file run-v2.pdb (PDB, C-alpha atoms)
ATOM      1  CA  MET P   1      22.759  49.514 -18.213
ATOM      2  CA  SER P   2      22.608  46.653 -15.745
ATOM      3  CA  THR P   3      22.555  47.077 -12.004
ATOM      4  CA  SER P   4      25.773  46.332 -10.145
ATOM      5  CA  LYS P   5      23.986  45.773  -6.848
ATOM      6  CA  PRO P   6      21.905  42.777  -5.793
ATOM      7  CA  TRP P   7      18.165  43.293  -5.695
ATOM      8  CA  PRO P   8      16.742  43.615  -2.196
ATOM      9  CA  GLU P   9      14.325  41.020  -0.876
ATOM     10  CA  GLU P  10      11.088  41.160  -2.856
ATOM     11  CA  TRP P  11       7.525  41.280  -1.584
ATOM     12  CA  VAL P  12       5.840  37.904  -1.394
ATOM     13  CA  PRO P  13       2.042  38.043  -1.532
ATOM     14  CA  PRO P  14       0.025  36.062   1.011
ATOM     15  CA  VAL P  15      -0.733  32.506  -0.038
ATOM     16  CA  ASP P  16      -4.346  32.739   1.145
ATOM     17  CA  PRO P  17      -5.345  36.433   1.044
ATOM     18  CA  LEU P  18      -8.465  37.595   2.840
ATOM     19  CA  PRO P  19     -11.565  38.002   0.639
ATOM     20  CA  GLU P  20     -11.734  41.728   1.410
ATOM     21  CA  MET P  21      -8.137  42.128   0.247
ATOM     22  CA  LEU P  22      -8.941  40.477  -3.071
ATOM     23  CA  ALA P  23     -12.123  42.514  -3.456
ATOM     24  CA  ASP P  24     -10.324  45.825  -2.853
ATOM     25  CA  GLY P  25      -7.817  45.206  -5.635
ATOM     26  CA  ARG P  26     -10.423  43.786  -7.992
ATOM     27  CA  GLU P  27     -12.785  46.756  -7.526
ATOM     28  CA  TYR P  28     -10.134  49.320  -8.382
ATOM     29  CA  HIS P  29      -8.828  47.264 -11.314
ATOM     30  CA  ASN P  30     -12.370  47.128 -12.731
ATOM     31  CA  VAL P  31     -12.595  50.923 -12.915
ATOM     32  CA  LEU P  32      -9.507  50.901 -15.156
ATOM     33  CA  PHE P  33     -10.584  47.943 -17.316
ATOM     34  CA  HIS P  34     -14.148  46.959 -18.183
ATOM     35  CA  ASP P  35     -14.991  43.948 -15.984
ATOM     36  CA  GLY P  36     -11.276  43.653 -15.222
ATOM     37  CA  ASP P  37     -10.550  42.584 -18.813
ATOM     38  CA  VAL P  38      -7.110  44.006 -19.655
ATOM     39  CA  THR P  39      -7.936  43.919 -23.361
ATOM     40  CA  ARG P  40     -10.755  46.423 -22.712
ATOM     41  CA  PRO P  41      -9.290  49.461 -20.921
ATOM     42  CA  ARG P  42     -11.696  52.280 -20.180
ATOM     43  CA  GLY P  43     -11.178  55.117 -22.624
ATOM     44  CA  TRP P  44      -9.835  57.743 -20.223
ATOM     45  CA  HIS P  45      -7.342  55.245 -18.781
ATOM     46  CA  ARG P  46      -6.218  54.002 -22.202
ATOM     47  CA  GLU P  47      -5.576  57.534 -23.478
ATOM     48  CA  ASN P  48      -3.648  58.923 -20.526
ATOM     49  CA  VAL P  49      -1.429  55.844 -20.188
ATOM     50  CA  ALA P  50      -0.797  55.659 -23.940
ATOM     51  CA  HIS P  51       0.487  59.230 -23.935
ATOM     52  CA  LEU P  52       2.609  58.578 -20.857
ATOM     53  CA  ILE P  53       4.270  55.610 -22.584
ATOM     54  CA  GLU P  54       4.727  57.651 -25.754
ATOM     55  CA  LEU P  55       6.721  60.204 -23.757
ATOM     56  CA  LEU P  56       8.758  57.511 -22.011
ATOM     57  CA  ARG P  57       9.529  55.465 -25.144
ATOM     58  CA  PRO P  58      12.484  57.599 -26.419
ATOM     59  CA  HIS P  59      14.206  57.051 -23.078
ATOM     60  CA  LEU P  60      13.932  53.249 -23.127
ATOM     61  CA  GLY P  61      16.825  51.141 -24.277
ATOM     62  CA  ASP P  62      17.498  47.422 -24.320
ATOM     63  CA  GLY P  63      18.583  46.539 -20.797
ATOM     64  CA  SER P  64      17.088  49.646 -19.176
ATOM     65  CA  ILE P  65      16.279  49.391 -15.479
ATOM     66  CA  GLY P  66      13.166  51.236 -14.391
ATOM     67  CA  LEU P  67      11.141  52.004 -11.301
ATOM     68  CA  ASP P  68       7.351  52.175 -11.413
ATOM     69  CA  TYR P  69       6.487  54.543  -8.580
ATOM     70  CA  ALA P  70       3.095  53.585  -7.103
ATOM     71  CA  THR P  71       2.088  50.678  -9.327
ATOM     72  CA  GLY P  72      -1.379  50.225  -7.841
ATOM     73  CA  THR P  73      -3.111  47.308  -9.563
ATOM     74  CA  GLY P  74      -0.693  47.465 -12.505
ATOM     75  CA  GLY P  75      -2.923  49.440 -14.856
ATOM     76  CA  SER P  76      -0.044  51.388 -16.385
ATOM     77  CA  ALA P  77       2.749  48.858 -15.886
ATOM     78  CA  LEU P  78       0.975  46.280 -18.061
ATOM     79  CA  PRO P  79       0.790  48.448 -21.221
ATOM     80  CA  LEU P  80       4.358  49.639 -20.609
ATOM     81  CA  LEU P  81       5.696  46.085 -20.426
ATOM     82  CA  THR P  82       3.580  45.083 -23.413
ATOM     83  CA  ALA P  83       4.922  48.005 -25.471
ATOM     84  CA  CYS P  84       8.495  47.025 -24.596
ATOM     85  CA  GLU P  85       7.903  43.389 -25.530
ATOM     86  CA  GLU P  86       6.301  44.363 -28.845
ATOM     87  CA  SER P  87       9.314  46.566 -29.626
ATOM     88  CA  GLY P  88      11.817  43.884 -28.677
ATOM     89  CA  ILE P  89      13.138  45.963 -25.774
ATOM     90  CA  ASN P  90      14.137  44.050 -22.649
ATOM     91  CA  VAL P  91      13.642  46.105 -19.516
ATOM     92  CA  THR P  92      13.889  45.350 -15.832
ATOM     93  CA  LEU P  93      11.053  46.981 -13.918
ATOM     94  CA  ALA P  94      10.860  47.384 -10.148
ATOM     95  CA  LEU P  95       7.204  47.797  -9.223
ATOM     96  CA  THR P  96       6.353  49.530  -5.953
ATOM     97  CA  ASP P  97       3.328  50.379  -3.872
ATOM     98  CA  VAL P  98       2.188  50.841  -0.284
ATOM     99  CA  MET P  99      -1.177  49.032  -0.514
ATOM    100  CA  PRO P 100      -0.954  45.213  -0.412
ATOM    101  CA  SER P 101      -4.520  44.759  -1.698
ATOM    102  CA  TRP P 102      -3.958  46.676  -4.949
ATOM    103  CA  PHE P 103      -0.402  45.358  -5.269
ATOM    104  CA  LEU P 104      -1.675  41.781  -5.025
ATOM    105  CA  THR P 105      -3.735  42.353  -8.182
ATOM    106  CA  ALA P 106      -0.644  43.723  -9.941
ATOM    107  CA  HIS P 107       1.477  40.786  -8.811
ATOM    108  CA  ARG P 108      -1.016  38.206 -10.060
ATOM    109  CA  MET P 109      -1.178  39.916 -13.446
ATOM    110  CA  LEU P 110       2.485  40.800 -13.960
ATOM    111  CA  HIS P 111       4.749  38.468 -12.006
ATOM    112  CA  GLU P 112       5.266  36.158 -14.996
ATOM    113  CA  HIS P 113       6.486  39.012 -17.205
ATOM    114  CA  ALA P 114      10.244  38.832 -17.642
ATOM    115  CA  GLY P 115      12.157  41.379 -15.613
ATOM    116  CA  THR P 116       9.465  42.300 -13.082
ATOM    117  CA  HIS P 117      10.285  42.692  -9.377
ATOM    118  CA  PHE P 118       7.844  43.679  -6.609
ATOM    119  CA  PHE P 119       8.589  45.819  -3.562
ATOM    120  CA  LEU P 120       6.125  46.969  -0.916
ATOM    121  CA  LEU P 121       7.245  50.345   0.432
ATOM    122  CA  ASP P 122       7.191  51.196   4.129
ATOM    123  CA  LEU P 123       5.836  54.729   4.601
ATOM    124  CA  ARG P 124       7.041  54.720   8.196
ATOM    125  CA  SER P 125      10.524  55.117   6.765
ATOM    126  CA  PRO P 126      11.557  58.748   6.159
ATOM    127  CA  MET P 127      12.938  57.657   2.762
ATOM    128  CA  PRO P 128      10.964  54.571   1.650
ATOM    129  CA  LEU P 129      12.700  54.135  -1.710
ATOM    130  CA  LEU P 130      16.222  54.488  -0.365
ATOM    131  CA  GLY P 131      15.326  52.228   2.541
ATOM    132  CA  THR P 132      14.127  49.585   0.096
ATOM    133  CA  PHE P 133      16.647  49.781  -2.746
ATOM    134  CA  GLY P 134      19.801  50.889  -0.991
ATOM    135  CA  GLU P 135      22.492  51.607  -3.576
ATOM    136  CA  ASN P 136      20.473  50.449  -6.600
ATOM    137  CA  ARG P 137      19.844  53.215  -9.130
ATOM    138  CA  PHE P 138      17.533  53.405 -12.154
ATOM    139  CA  ASP P 139      17.635  54.588 -15.745
ATOM    140  CA  PHE P 140      14.047  55.803 -15.562
ATOM    141  CA  ILE P 141      11.216  56.324 -13.099
ATOM    142  CA  VAL P 142       7.640  56.314 -14.336
ATOM    143  CA  SER P 143       4.636  57.355 -12.280
ATOM    144  CA  ALA P 144       1.019  57.263 -13.466
ATOM    145  CA  SER P 145      -1.832  59.143 -11.765
ATOM    146  CA  THR P 146       0.024  59.422  -8.469
ATOM    147  CA  ILE P 147       1.748  62.798  -8.187
ATOM    148  CA  HIS P 148      -1.475  64.595  -7.192
ATOM    149  CA  LEU P 149      -1.909  62.186  -4.268
ATOM    150  CA  LEU P 150       1.392  63.152  -2.647
ATOM    151  CA  PRO P 151       1.194  65.330   0.491
ATOM    152  CA  GLU P 152       2.031  68.864  -0.620
ATOM    153  CA  LYS P 153       4.146  69.519   2.453
ATOM    154  CA  LYS P 154       6.350  66.520   1.558
ATOM    155  CA  LEU P 155       6.851  67.279  -2.143
ATOM    156  CA  GLU P 156      10.420  68.551  -1.828
ATOM    157  CA  GLY P 157      11.547  65.510   0.136
ATOM    158  CA  ILE P 158       9.802  63.038  -2.174
ATOM    159  CA  PHE P 159      11.282  64.536  -5.339
ATOM    160  CA  GLN P 160      14.720  64.721  -3.758
ATOM    161  CA  GLU P 161      14.436  61.009  -3.064
ATOM    162  CA  LEU P 162      13.236  60.283  -6.612
ATOM    163  CA  HIS P 163      16.138  62.334  -7.964
ATOM    164  CA  GLY P 164      18.541  60.378  -5.815
ATOM    165  CA  MET P 165      17.216  57.040  -7.093
ATOM    166  CA  LEU P 166      18.108  57.876 -10.710
ATOM    167  CA  LYS P 167      21.420  57.289 -12.404
ATOM    168  CA  PRO P 168      23.088  60.407 -13.874
ATOM    169  CA  GLY P 169      21.159  61.232 -17.053
ATOM    170  CA  GLY P 170      18.121  59.241 -15.941
ATOM    171  CA  VAL P 171      14.573  60.536 -16.438
ATOM    172  CA  LEU P 172      11.388  60.864 -14.432
ATOM    173  CA  VAL P 173       8.214  60.665 -16.544
ATOM    174  CA  PHE P 174       4.814  61.187 -14.951
ATOM    175  CA  ASN P 175       1.240  62.174 -15.555
ATOM    176  CA  SER P 176      -1.489  63.604 -13.356
ATOM    177  CA  GLY P 177      -5.113  64.465 -13.945
ATOM    178  CA  ASP P 178      -5.571  66.454 -10.730
ATOM    179  CA  LEU P 179      -3.121  69.368 -10.716
ATOM    180  CA  GLU P 180      -4.250  72.961 -11.138
ATOM    181  CA  HIS P 181      -2.816  74.658 -14.226
ATOM    182  CA  PRO P 182      -3.265  78.139 -15.753
ATOM    183  CA  LYS P 183      -4.319  76.571 -19.077
ATOM    184  CA  ARG P 184      -7.200  74.613 -17.593
ATOM    185  CA  ALA P 185      -9.728  77.444 -17.763
ATOM    186  CA  GLU P 186      -8.965  77.927 -21.460
ATOM    187  CA  SER P 187      -9.700  74.243 -22.072
ATOM    188  CA  ASN P 188     -13.166  74.180 -20.486
ATOM    189  CA  ALA P 189     -12.068  71.083 -18.604
ATOM    190  CA  ALA P 190     -12.390  69.809 -15.049
ATOM    191  CA  LEU P 191      -9.731  68.180 -12.945
ATOM    192  CA  LEU P 192     -10.052  64.412 -12.656
ATOM    193  CA  HIS P 193     -11.398  64.474  -9.107
ATOM    194  CA  ASP P 194     -13.467  67.661  -9.308
ATOM    195  CA  ILE P 195     -16.737  65.796  -9.734
ATOM    196  CA  TYR P 196     -16.055  63.765  -6.583
ATOM    197  CA  ARG P 197     -15.171  66.843  -4.559
ATOM    198  CA  VAL P 198     -18.376  68.562  -5.711
ATOM    199  CA  ALA P 199     -20.476  65.472  -4.920
ATOM    200  CA  ARG P 200     -18.820  65.068  -1.514
ATOM    201  CA  ASP P 201     -19.279  68.704  -0.508
ATOM    202  CA  LEU P 202     -22.933  68.736  -1.556
ATOM    203  CA  LEU P 203     -23.549  65.478   0.292
ATOM    204  CA  HIS P 204     -21.922  66.728   3.483
ATOM    205  CA  GLU P 205     -24.206  69.775   3.511
ATOM    206  CA  GLU P 206     -27.297  67.574   3.272
ATOM    207  CA  PRO P 207     -29.359  67.433   6.524
ATOM    208  CA  ARG P 208     -29.726  63.642   6.289
ATOM    209  CA  TYR P 209     -25.984  63.197   6.262
ATOM    210  CA  GLN P 210     -25.403  65.760   8.996
ATOM    211  CA  SER P 211     -27.841  63.825  11.198
ATOM    212  CA  ALA P 212     -26.040  60.555  10.464
ATOM    213  CA  LEU P 213     -22.720  62.134  11.441
ATOM    214  CA  LEU P 214     -24.126  63.446  14.722
ATOM    215  CA  GLU P 215     -25.651  60.081  15.581
ATOM    216  CA  LEU P 216     -22.346  58.339  14.817
ATOM    217  CA  LYS P 217     -20.401  60.797  16.972
ATOM    218  CA  ALA P 218     -22.691  60.128  19.932
ATOM    219  CA  ARG P 219     -22.618  56.354  19.446
ATOM    220  CA  ASP P 220     -18.971  55.734  18.477
ATOM    221  CA  PRO P 221     -16.553  58.702  18.699
ATOM    222  CA  GLU P 222     -13.603  56.669  17.393
ATOM    223  CA  GLN P 223     -15.479  55.557  14.288
ATOM    224  CA  HIS P 224     -16.682  59.137  13.817
ATOM    225  CA  ALA P 225     -13.048  60.307  13.787
ATOM    226  CA  ARG P 226     -12.179  57.649  11.171
ATOM    227  CA  VAL P 227     -15.103  58.745   9.001
ATOM    228  CA  LEU P 228     -13.988  62.366   9.124
ATOM    229  CA  LYS P 229     -10.518  61.266   8.026
ATOM    230  CA  ASN P 230     -12.024  59.339   5.096
ATOM    231  CA  HIS P 231     -13.933  62.444   4.029
ATOM    232  CA  ALA P 232     -10.597  63.821   2.818
ATOM    233  CA  VAL P 233     -10.000  61.012   0.297
ATOM    234  CA  PHE P 234     -10.077  63.565  -2.552
ATOM    235  CA  PRO P 235      -7.826  66.374  -1.264
ATOM    236  CA  LYS P 236      -7.734  69.910  -2.572
ATOM    237  CA  PRO P 237      -5.402  69.927  -5.604
ATOM    238  CA  PHE P 238      -2.135  71.811  -5.493
ATOM    239  CA  SER P 239      -0.816  73.710  -8.498
ATOM    240  CA  CYS P 240       1.607  72.671 -11.216
ATOM    241  CA  CYS P 241       3.681  75.693 -10.169
ATOM    242  CA  ARG P 242       4.063  74.187  -6.710
ATOM    243  CA  LEU P 243       5.086  70.916  -8.313
ATOM    244  CA  ASP P 244       7.599  72.605 -10.621
ATOM    245  CA  GLU P 245       9.155  74.350  -7.647
ATOM    246  CA  ALA P 246       9.662  71.052  -5.813
ATOM    247  CA  VAL P 247      11.058  69.351  -8.924
ATOM    248  CA  ARG P 248      13.562  72.138  -9.568
ATOM    249  CA  LYS P 249      14.687  72.223  -5.939
ATOM    250  CA  ALA P 250      15.362  68.494  -6.155
ATOM    251  CA  GLY P 251      17.801  69.123  -9.027
ATOM    252  CA  PHE P 252      15.760  67.938 -12.008
ATOM    253  CA  VAL P 253      16.009  69.653 -15.385
ATOM    254  CA  GLU P 254      12.706  69.992 -17.226
ATOM    255  CA  GLU P 255      12.714  68.451 -20.701
ATOM    256  CA  LEU P 256       8.999  68.546 -21.412
ATOM    257  CA  ASN P 257       5.818  69.712 -19.755
ATOM    258  CA  GLU P 258       2.534  69.516 -21.626
ATOM    259  CA  THR P 259      -1.195  69.239 -21.103
ATOM    260  CA  LEU P 260      -3.934  67.181 -22.675
ATOM    261  CA  VAL P 261      -7.735  67.097 -22.370
ATOM    262  CA  ILE P 262      -9.139  63.564 -22.118
ATOM    263  CA  ASP P 263     -12.837  62.687 -22.077
ATOM    264  CA  LYS P 264     -14.023  60.505 -19.206
ATOM    265  CA  ALA P 265     -17.338  58.775 -19.828
ATOM    266  CA  ARG P 266     -20.149  59.605 -17.424
ATOM    267  CA  GLN P 267     -20.550  55.930 -16.470
ATOM    268  CA  ASP P 268     -16.804  55.563 -15.868
ATOM    269  CA  ALA P 269     -16.961  58.489 -13.435
ATOM    270  CA  LEU P 270     -19.938  56.962 -11.624
ATOM    271  CA  ASP P 271     -18.294  53.535 -11.419
ATOM    272  CA  PHE P 272     -15.074  55.000 -10.014
ATOM    273  CA  ILE P 273     -16.656  56.500  -6.913
ATOM    274  CA  GLN P 274     -18.441  53.231  -6.093
ATOM    275  CA  VAL P 275     -15.142  51.513  -5.231
ATOM    276  CA  GLU P 276     -15.670  50.574  -1.586
ATOM    277  CA  ARG P 277     -12.531  52.349  -0.389
ATOM    278  CA  LEU P 278     -13.632  55.597  -2.062
ATOM    279  CA  THR P 279     -17.200  55.488  -0.745
ATOM    280  CA  GLY P 280     -15.664  56.691   2.495
ATOM    281  CA  ILE P 281     -16.794  60.158   1.416
ATOM    282  CA  ALA P 282     -20.187  59.003   2.794
ATOM    283  CA  GLY P 283     -18.747  56.899   5.594
ATOM    284  CA  ALA P 284     -21.332  57.952   8.184
ATOM    285  CA  ILE P 285     -23.793  55.685   6.358
ATOM    286  CA  ALA P 286     -22.943  52.188   7.537
ATOM    287  CA  GLU P 287     -25.065  50.122   5.156
ATOM    288  CA  ARG P 288     -23.187  49.620   1.902
ATOM    289  CA  ASN P 289     -26.076  49.820  -0.583
ATOM    290  CA  GLU P 290     -27.588  52.849   1.155
ATOM    291  CA  ARG P 291     -24.198  54.584   1.082
ATOM    292  CA  ARG P 292     -23.765  53.871  -2.622
ATOM    293  CA  GLU P 293     -27.277  55.035  -3.476
ATOM    294  CA  LEU P 294     -26.696  58.300  -1.608
ATOM    295  CA  ILE P 295     -23.404  58.867  -3.427
ATOM    296  CA  ALA P 296     -25.048  58.138  -6.794
ATOM    297  CA  GLU P 297     -27.741  60.721  -6.008
ATOM    298  CA  PHE P 298     -25.195  63.424  -5.332
ATOM    299  CA  MET P 299     -23.021  62.403  -8.274
ATOM    300  CA  GLU P 300     -25.959  63.304 -10.519
ATOM    301  CA  LEU P 301     -26.090  66.749  -8.923
ATOM    302  CA  ALA P 302     -22.331  67.115  -9.304
ATOM    303  CA  PHE P 303     -22.484  66.114 -12.957
ATOM    304  CA  ALA P 304     -25.155  68.743 -13.558
ATOM    305  CA  GLU P 305     -22.877  71.320 -11.923
ATOM    306  CA  LEU P 306     -19.977  70.434 -14.231
ATOM    307  CA  VAL P 307     -22.286  70.672 -17.235
ATOM    308  CA  ARG P 308     -23.383  74.112 -16.010
ATOM    309  CA  ARG P 309     -19.718  75.175 -15.779
ATOM    310  CA  GLY P 310     -19.129  73.989 -19.344
ATOM    311  CA  GLU P 311     -16.686  71.273 -18.238
ATOM    312  CA  ALA P 312     -18.904  68.302 -19.134
ATOM    313  CA  GLU P 313     -21.418  67.133 -21.698
ATOM    314  CA  ALA P 314     -24.387  64.807 -21.229
ATOM    315  CA  ASP P 315     -22.268  61.669 -21.560
ATOM    316  CA  HIS P 316     -18.739  62.668 -20.519
ATOM    317  CA  ILE P 317     -16.481  64.979 -18.527
ATOM    318  CA  ARG P 318     -13.538  66.758 -20.111
ATOM    319  CA  THR P 319     -10.598  66.093 -17.785
ATOM    320  CA  PHE P 320      -7.370  68.099 -17.780
ATOM    321  CA  TRP P 321      -4.056  66.229 -17.611
ATOM    322  CA  ASN P 322      -0.440  67.240 -17.004
ATOM    323  CA  PHE P 323       2.510  65.262 -18.394
ATOM    324  CA  GLY P 324       6.136  65.865 -17.484
ATOM    325  CA  VAL P 325       9.589  64.605 -18.421
ATOM    326  CA  TYR P 326      12.416  65.644 -16.095
ATOM    327  CA  ARG P 327      16.063  64.594 -16.288
ATOM    328  CA  LYS P 328      18.797  64.190 -13.753
ATOM    329  CA  SER P 329      21.928  65.909 -15.004
ATOM    330  CA  SER P 330      24.727  63.665 -16.208
TER     331      SER P 330
END
call {"tool": "encode", "arguments": {"input": "run-v2.pdb", "output": "structure tokens"}}
result
Amino acid sequence: MSTSKPWPEEWVPPVDPLPEMLADGREYHNVLFHDGDVTRPRGWHRENVAHLIELLRPHLGDGSIGLDYATGTGGSALPLLTACEESGINVTLALTDVMPSWFLTAHRMLHEHAGTHFFLLDLRSPMPLLGTFGENRFDFIVSASTIHLLPEKKLEGIFQELHGMLKPGGVLVFNSGDLEHPKRAESNAALLHDIYRVARDLLHEEPRYQSALLELKARDPEQHARVLKNHAVFPKPFSCCRLDEAVRKAGFVEELNETLVIDKARQDALDFIQVERLTGIAGAIAERNERRELIAEFMELAFAELVRRGEAEADHIRTFWNFGVYRKSS
């Protein structure tokens, strides 16, 4: 199962990255692993990735060539590579992302693993994967906590491209904690980003924040427009039915689709939203500490709302996850 085509030119990280670039990757990595220590994954991250790898494992063979779609800081690629090494399975893994700051963290952690290759995708291309890999094709594609971030209007095109990147008989294995599903209500569970949407919406209704937005609009209309764009960092979730439709239209055959409820600790949820990039939900507040304190205040209100709904307890949120295995016909 080796590739017959040469690998395209790989991404080379900057020799002297800017401090803010390093900080961005480090902050996000720390919400997956306590203090960035890869031996101490946060519970919700450990559980969802472990199940993803469990579903992928039967489709891995010695010499398999895989694509990690949206690697981020490498939080799922690391346990996948470790599992393969422990099982004596040699895989080649092409890691991809669109964000150099997060990808830099992944590169520093994973570039010495045998078989890893790094490719920064260009979203200006109508088909970023095809534009990057050309005629290379893969035995498997794995994607962790990314599907729900895809623009709904582009789902068909994205899954058609993913389908086209697989060899005949290849599989796509993914998970998502932020897709609506008919079984969610029965599980008394929230979607992964529900607490952030609740906190954001409550915050935006607050007179203090409304005043800050108005002042910003009068002072700097361009910055005001950027802040409004950042308000949408946690988009409204689309449904698993919408996803299934796009997957089927692309030509995939469903092999498995299942759900799982995973507890996310209250502190893990609070730490997640304090990543600088994500604090854009309160972007009208310029001072960093003030912005974080305001978000923390409304996170407490949001947590109370999830407890009232029966989707959280005093120390954790029950989050609802979707897992899928889809095959390209031979």
call {"tool": "closest_residue", "arguments": {"input": "run-v2.pdb", "among": "P:Arg327, P:Glu300, P:Arg308, P:Gly280", "to": "P:Glu254", "atoms": "all atoms listed in the file"}}
result
P:Arg327
call {"tool": "resolve_selection", "arguments": {"input": "run-v2.pdb", "expression": "the PyMOL selection byres ((chain P and resi 168) around 6)", "output": "list of chain:residue names"}}
result
P:Lys167, P:Gly169, P:Gly170, P:Lys328, P:Ser329, P:Ser330
call {"tool": "closest_residue", "arguments": {"input": "run-v2.pdb", "among": "P:Leu120, P:Leu260, P:Leu179, P:Leu306", "to": "P:Val98", "atoms": "only C-alpha atoms"}}
result
P:Leu120
call {"tool": "resolve_selection", "arguments": {"input": "run-v2.pdb", "expression": "the PyMOL selection byres ((chain P and resi 45-61) around 8)", "output": "MDAnalysis selection string"}}
result
chainID P and resid 32 41:44 62:64 76 79:80 89:91 140 142 144 171 173:175 262 321 323 325
call {"tool": "resolve_selection", "arguments": {"input": "run-v2.pdb", "expression": "the PyMOL selection byres ((chain P and resi 230-234) around 7)", "output": "list in words"}}
result
His193, Arg197, Arg226, Val227, Leu228, Lys229, Pro235, Lys236, Leu278, Gly280 and Ile281 of chain P
call {"tool": "closest_residue", "arguments": {"input": "run-v2.pdb", "among": "P:Ala189, P:Leu172, P:Ile273, P:Cys240", "to": "P:Glu258", "atoms": "all atoms listed in the file"}}
result
P:Cys240
call {"tool": "closest_residue", "arguments": {"input": "run-v2.pdb", "among": "P:Trp102, P:Thr71, P:Thr39, P:Glu186", "to": "P:Gly310", "atoms": "all atoms listed in the file"}}
result
P:Glu186
call {"tool": "atom_distance", "arguments": {"input": "run-v2.pdb", "atom1": "atom CA of P:Leu110", "atom2": "atom CA of P:Ala77"}}
result
8.3 Å
call {"tool": "atom_distance", "arguments": {"input": "run-v2.pdb", "atom1": "atom CA of P:Thr319", "atom2": "atom CA of P:Asp178"}}
result
8.7 Å
call {"tool": "closest_residue", "arguments": {"input": "run-v2.pdb", "among": "P:Leu130, P:Ala312, P:Ala282, P:Leu78", "to": "P:Thr116", "atoms": "only C-alpha atoms"}}
result
P:Leu78
call {"tool": "atom_distance", "arguments": {"input": "run-v2.pdb", "atom1": "atom CA of P:Ala296", "atom2": "atom CA of P:His316"}}
result
15.8 Å
call {"tool": "closest_residue", "arguments": {"input": "run-v2.pdb", "among": "P:Glu9, P:Asp201, P:Asp194, P:Asp139", "to": "P:Ile65", "atoms": "only C-alpha atoms"}}
result
P:Asp139
call {"tool": "residues_around", "arguments": {"input": "run-v2.pdb", "residues": "P:Leu270", "least_positions_apart": "4", "cutoff": "8 Å", "atoms": "all atoms listed in the file", "output": "NGL selection string"}}
result
:P and (266 or 274 or 296 or 299)
call {"tool": "residues_around", "arguments": {"input": "run-v2.pdb", "residues": "stretch 153-162 of chain P", "least_positions_apart": "3", "cutoff": "12 Å", "atoms": "all atoms listed in the file", "output": "ChimeraX atom specification"}}
result
/P:66-69,123,125-134,137-143,147-150,165-167,170-174,238-240,242-252,326-328
call {"tool": "residues_around", "arguments": {"input": "run-v2.pdb", "residues": "P:Phe103", "least_positions_apart": "6", "cutoff": "10 Å", "atoms": "all atoms listed in the file", "output": "PyMOL selection string"}}
result
chain P and resi 11+13+25+70-74+95-97+109+118-120
call {"tool": "residues_around", "arguments": {"input": "run-v2.pdb", "residues": "P:Leu301", "least_positions_apart": "4", "cutoff": "8 Å", "atoms": "only C-alpha atoms", "output": "ChimeraX atom specification"}}
result
/P:199,297,305
